[in-house]
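What follows is the content of work04.txt (compact mmCIF, C-alpha atoms and all ligand atoms).
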```txt
# COMPACT_ATOMS: atom_id res chain seq x y z
CA MET A 1 0.00 0.00 0.00
CA ARG A 2 1.37 3.32 -0.96
CA ARG A 3 0.98 5.63 1.94
CA ALA A 4 0.05 9.23 1.75
CA LEU A 5 3.52 10.51 1.25
CA GLU A 6 3.14 12.36 -1.98
CA VAL A 7 3.24 16.07 -1.45
CA ALA A 8 3.70 19.06 -3.65
CA ALA A 9 6.78 19.06 -5.79
CA ALA A 10 9.55 21.57 -5.36
CA ASP A 11 8.29 24.01 -7.92
CA GLY A 12 5.17 24.53 -5.88
CA THR A 13 2.84 23.45 -8.62
CA GLY A 14 1.41 20.75 -6.42
CA SER A 15 1.82 18.27 -9.21
CA GLY A 16 2.89 15.56 -6.81
CA VAL A 17 5.25 12.78 -7.66
CA PRO A 18 3.95 10.54 -10.39
CA GLY A 19 5.22 7.02 -10.70
CA VAL A 20 7.42 7.18 -7.69
CA ALA A 21 7.68 3.45 -7.41
CA ASP A 22 8.95 3.29 -10.98
CA ALA A 23 11.56 5.91 -10.21
CA VAL A 24 13.07 3.97 -7.36
CA SER A 25 16.53 2.75 -8.15
CA ILE A 26 17.42 -0.13 -5.94
CA THR A 27 20.92 -0.03 -4.58
CA SER A 28 20.40 -2.68 -1.97
CA ALA A 29 18.98 -6.15 -2.19
CA GLY A 30 15.26 -6.65 -2.31
CA ALA A 31 12.28 -4.83 -3.69
CA PRO A 32 11.57 -1.27 -2.57
CA PRO A 33 8.71 -0.81 -0.17
CA ALA A 34 5.77 0.63 -2.04
CA GLU A 35 5.62 3.59 0.27
CA VAL A 36 9.18 4.64 -0.39
CA ALA A 37 10.24 7.41 -2.73
CA PRO A 38 8.41 10.58 -1.72
CA VAL A 39 11.37 12.66 -2.72
CA GLY A 40 8.93 15.26 -3.96
CA THR A 41 8.35 16.35 -0.39
CA ALA A 42 12.04 16.79 0.22
CA ARG A 43 12.16 18.81 -2.94
CA GLY A 44 9.53 21.16 -1.60
CA ILE A 45 12.01 23.71 -0.43
CA PRO A 46 12.46 27.28 -1.60
CA VAL A 47 15.42 27.72 -3.87
CA ASP A 48 15.82 31.44 -4.02
CA THR A 49 15.11 32.65 -0.50
CA THR A 50 18.44 32.02 1.21
CA ALA A 51 22.12 31.74 0.40
CA ASP A 52 22.05 28.07 1.35
CA VAL A 53 22.43 25.31 -1.17
CA PRO A 54 18.90 23.90 -1.51
CA VAL A 55 18.96 20.45 0.01
CA GLY A 56 15.77 19.18 1.64
CA ALA A 57 15.05 16.23 3.91
CA VAL A 58 11.94 14.67 5.39
CA VAL A 59 11.55 11.99 8.05
CA TYR A 60 8.53 9.70 7.98
CA GLY A 61 7.39 7.60 10.89
CA PRO A 62 6.72 3.87 10.71
CA ASP A 63 3.11 4.61 9.78
CA GLY A 64 4.15 6.86 6.90
CA ALA A 65 3.21 10.07 8.69
CA GLU A 66 5.53 13.01 8.22
CA LEU A 67 7.48 13.61 11.43
CA ALA A 68 9.86 16.38 10.49
CA VAL A 69 11.44 18.31 7.67
CA GLY A 70 14.75 20.05 7.32
CA ARG A 71 16.63 22.04 4.79
CA ASN A 72 20.23 23.04 4.61
CA GLU A 73 20.63 26.06 6.91
CA ARG A 74 24.37 26.34 7.13
CA GLU A 75 24.56 29.92 5.89
CA LEU A 76 21.36 30.96 7.61
CA THR A 77 22.50 29.78 11.03
CA GLY A 78 26.27 29.89 10.65
CA ASP A 79 26.36 26.28 11.79
CA PRO A 80 28.62 23.89 9.88
CA THR A 81 26.48 20.94 10.98
CA ALA A 82 23.14 22.43 9.91
CA HIS A 83 22.63 20.04 7.03
CA ALA A 84 19.09 19.12 6.04
CA GLU A 85 19.40 15.54 7.27
CA ILE A 86 20.76 16.52 10.68
CA LEU A 87 18.00 19.04 11.26
CA ALA A 88 15.32 16.61 10.13
CA LEU A 89 16.70 13.83 12.34
CA ARG A 90 16.83 16.12 15.36
CA ARG A 91 13.30 17.33 14.81
CA ALA A 92 11.98 13.81 14.21
CA ALA A 93 13.57 12.58 17.41
CA ALA A 94 12.13 15.55 19.29
CA SER A 95 8.74 14.79 17.82
CA LEU A 96 8.93 11.17 18.96
CA GLY A 97 10.56 12.02 22.25
CA ALA A 98 13.24 9.43 21.60
CA TRP A 99 16.51 9.29 19.72
CA ARG A 100 15.91 5.91 18.13
CA LEU A 101 14.21 6.20 14.77
CA ASP A 102 13.56 2.50 14.17
CA GLY A 103 11.02 2.00 11.45
CA CYS A 104 11.42 5.54 10.17
CA THR A 105 12.44 6.66 6.69
CA LEU A 106 14.57 9.66 5.83
CA VAL A 107 14.23 11.10 2.36
CA VAL A 108 16.75 13.65 1.11
CA THR A 109 17.33 15.28 -2.23
CA LEU A 110 21.10 14.71 -2.26
CA GLU A 111 23.35 11.82 -1.33
CA PRO A 112 24.34 12.37 2.32
CA CYS A 113 27.85 13.43 3.35
CA THR A 114 29.96 11.57 5.88
CA MET A 115 28.54 13.52 8.83
CA CYS A 116 24.96 12.88 7.86
CA ALA A 117 25.59 9.26 6.92
CA GLY A 118 27.11 8.78 10.37
CA ALA A 119 24.14 10.44 12.01
CA LEU A 120 21.77 8.21 10.08
CA VAL A 121 23.53 5.13 11.39
CA LEU A 122 23.43 6.51 14.94
CA SER A 123 19.73 7.25 14.65
CA ARG A 124 18.99 3.59 13.75
CA ILE A 125 16.78 4.80 10.95
CA SER A 126 15.40 1.92 8.92
CA THR A 127 15.31 3.35 5.42
CA LEU A 128 17.18 6.03 3.52
CA VAL A 129 16.00 7.39 0.20
CA PHE A 130 18.02 9.98 -1.67
CA GLY A 131 17.77 11.76 -4.98
CA ALA A 132 20.88 13.06 -6.70
CA TRP A 133 24.25 11.42 -6.37
CA GLU A 134 27.04 13.59 -4.98
CA PRO A 135 30.33 12.42 -6.48
CA LYS A 136 32.40 15.01 -4.57
CA THR A 137 31.27 14.31 -1.00
CA GLY A 138 28.76 11.47 -1.07
CA ALA A 139 29.09 8.88 1.68
CA VAL A 140 26.36 6.49 0.58
CA GLY A 141 28.15 4.91 -2.32
CA SER A 142 30.07 7.66 -4.11
CA LEU A 143 33.21 8.23 -2.04
CA TRP A 144 32.37 6.00 0.89
CA ASP A 145 29.48 3.80 1.89
CA VAL A 146 29.14 4.60 5.56
CA VAL A 147 25.58 3.42 6.01
CA ARG A 148 26.31 -0.07 4.68
CA ASP A 149 29.68 -0.60 6.32
CA ARG A 150 29.44 -4.03 7.89
CA ARG A 151 31.76 -2.96 10.69
CA LEU A 152 29.04 -0.70 12.04
CA ASN A 153 26.16 -1.96 14.11
CA HIS A 154 23.31 -0.64 12.00
CA ARG A 155 22.67 -0.56 8.28
CA PRO A 156 19.52 1.01 6.84
CA GLU A 157 17.96 -0.02 3.58
CA VAL A 158 19.09 2.41 0.88
CA TYR A 159 17.37 3.60 -2.26
CA GLY A 160 19.56 6.00 -4.21
CA GLY A 161 19.02 8.01 -7.34
CA VAL A 162 15.28 8.37 -6.80
CA LEU A 163 13.94 11.20 -8.98
CA GLU A 164 17.55 12.07 -9.61
CA PRO A 165 16.94 14.41 -12.57
CA GLU A 166 14.46 16.49 -10.61
CA CYS A 167 16.69 16.66 -7.54
CA ALA A 168 19.77 17.52 -9.56
CA ALA A 169 17.82 20.25 -11.32
CA LEU A 170 17.18 21.94 -7.96
CA LEU A 171 20.91 22.21 -7.39
CA ARG A 172 21.67 23.30 -10.92
CA ALA A 173 19.10 26.05 -10.64
CA PHE A 174 20.78 27.29 -7.49
CA PHE A 175 24.31 27.31 -8.87
CA ARG A 176 23.37 28.78 -12.22
ZN ZN B 201 25.48 16.27 5.36
```

Encoded form (structure tokens):
Amino acid sequence: MRRALEVAAADGTGSGVPGVADAVSITSAGAPPAEVAPVGTARGIPVDTTADVPVGAVVYGPDGAELAVGRNERELTGDPTAHAEILALRRAAASLGAWRLDGCTLVVTLEPCTMCAGALVLSRISTLVFGAWEPKTGAVGSLWDVVRDRRLNHRPEVYGGVLEPECAALLRAFFR
């Protein structure tokens, strides 16, 4: 059952995310859960309102309900750790009143960096979905694969490259 995870796309047209299941690129064994791939929500971030690179993240609870969102706020807050994933994880944990995010899914528009990949492992999140690959800093398959390192005690399911063209377009629009 696809859960109600489809939200307005980044351009604000409210067009939703058609065919999300088809867009899922499986980078780990097994079939993707039908409810995975709502990258459209993570893309629902303003591009031109701040000096921050537009990266968006959303955390969904085990029931598919949206727990928290985050966007990159490094410039806005002057905080080197204010990446979208970190902020979304913190807010999701605050929402649940617990640091463990078992059963939760984090969706982000860009392949996480080493810091965020480490935080995802620490949070015990069950599923990670990301959009564009980040060949310069990516730590979920590009430069490293932190979240699937068998030496660590937790490894989420990973779906990478979901709606990659749309997510990459967000970044291109920013840097243009
Ligand atoms: Zn990061």

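The smallest atom-to-atom distance between ligand ZN 201 (chain B) and any of A:Leu110, A:Ala51, A:Ala98, A:Leu122, using all atoms listed in the file, is found for A:Leu110.
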
Give the residue list for ligand ZN 201 (chain B) at 6 Å, counting all atoms listed in the file, as an mmCIF file with C-alpha atoms, in the coordinates of the input, sorted by chain and then by residue number.
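And here's part05.cif as it stands now:
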```cif
data_model
loop_
_atom_site.group_PDB
_atom_site.id
_atom_site.type_symbol
_atom_site.label_atom_id
_atom_site.label_comp_id
_atom_site.auth_asym_id
_atom_site.auth_seq_id
_atom_site.Cartn_x
_atom_site.Cartn_y
_atom_site.Cartn_z
ATOM 1 C CA HIS A 83 22.630 20.040 7.030
ATOM 2 C CA PRO A 112 24.340 12.370 2.320
ATOM 3 C CA CYS A 113 27.850 13.430 3.350
ATOM 4 C CA MET A 115 28.540 13.520 8.830
ATOM 5 C CA CYS A 116 24.960 12.880 7.860
#
```

- CA of Val69 in chain A to CA of Arg148 in chain A, distance in Å rounded to a single decimal: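 Separating CA of Val69 in chain A from CA of Arg148 in chain A is a distance of 23.8 Å.
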
- Query: Which is closest to Ala119 in chain A among A:Ala65, A:Leu89, A:Val162, A:Val58, if we use only C-alpha atoms?
  - Reply: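 Answer, going by the shortest atom-to-atom distance: A:Leu89.
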
- Item | Neighbour list for Thr105 in chain A as a list of chain:residue names, cut-off 8 Å, all atoms listed in the file, skip fewer than 5 positions in-chain |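 The neighbour list is A:Val59, A:Tyr60, A:Gly61, A:Pro62, A:Ile125, A:Ser126, A:Thr127, A:Leu128, A:Val129.
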
- Task: Give me, please, the distance in Å between CA of Ala117 in chain A and CA of Ala173 in chain A, quoted to one decimal.
- Result: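 Calculated distance between CA of Ala117 in chain A and CA of Ala173 in chain A is 25.1 Å.
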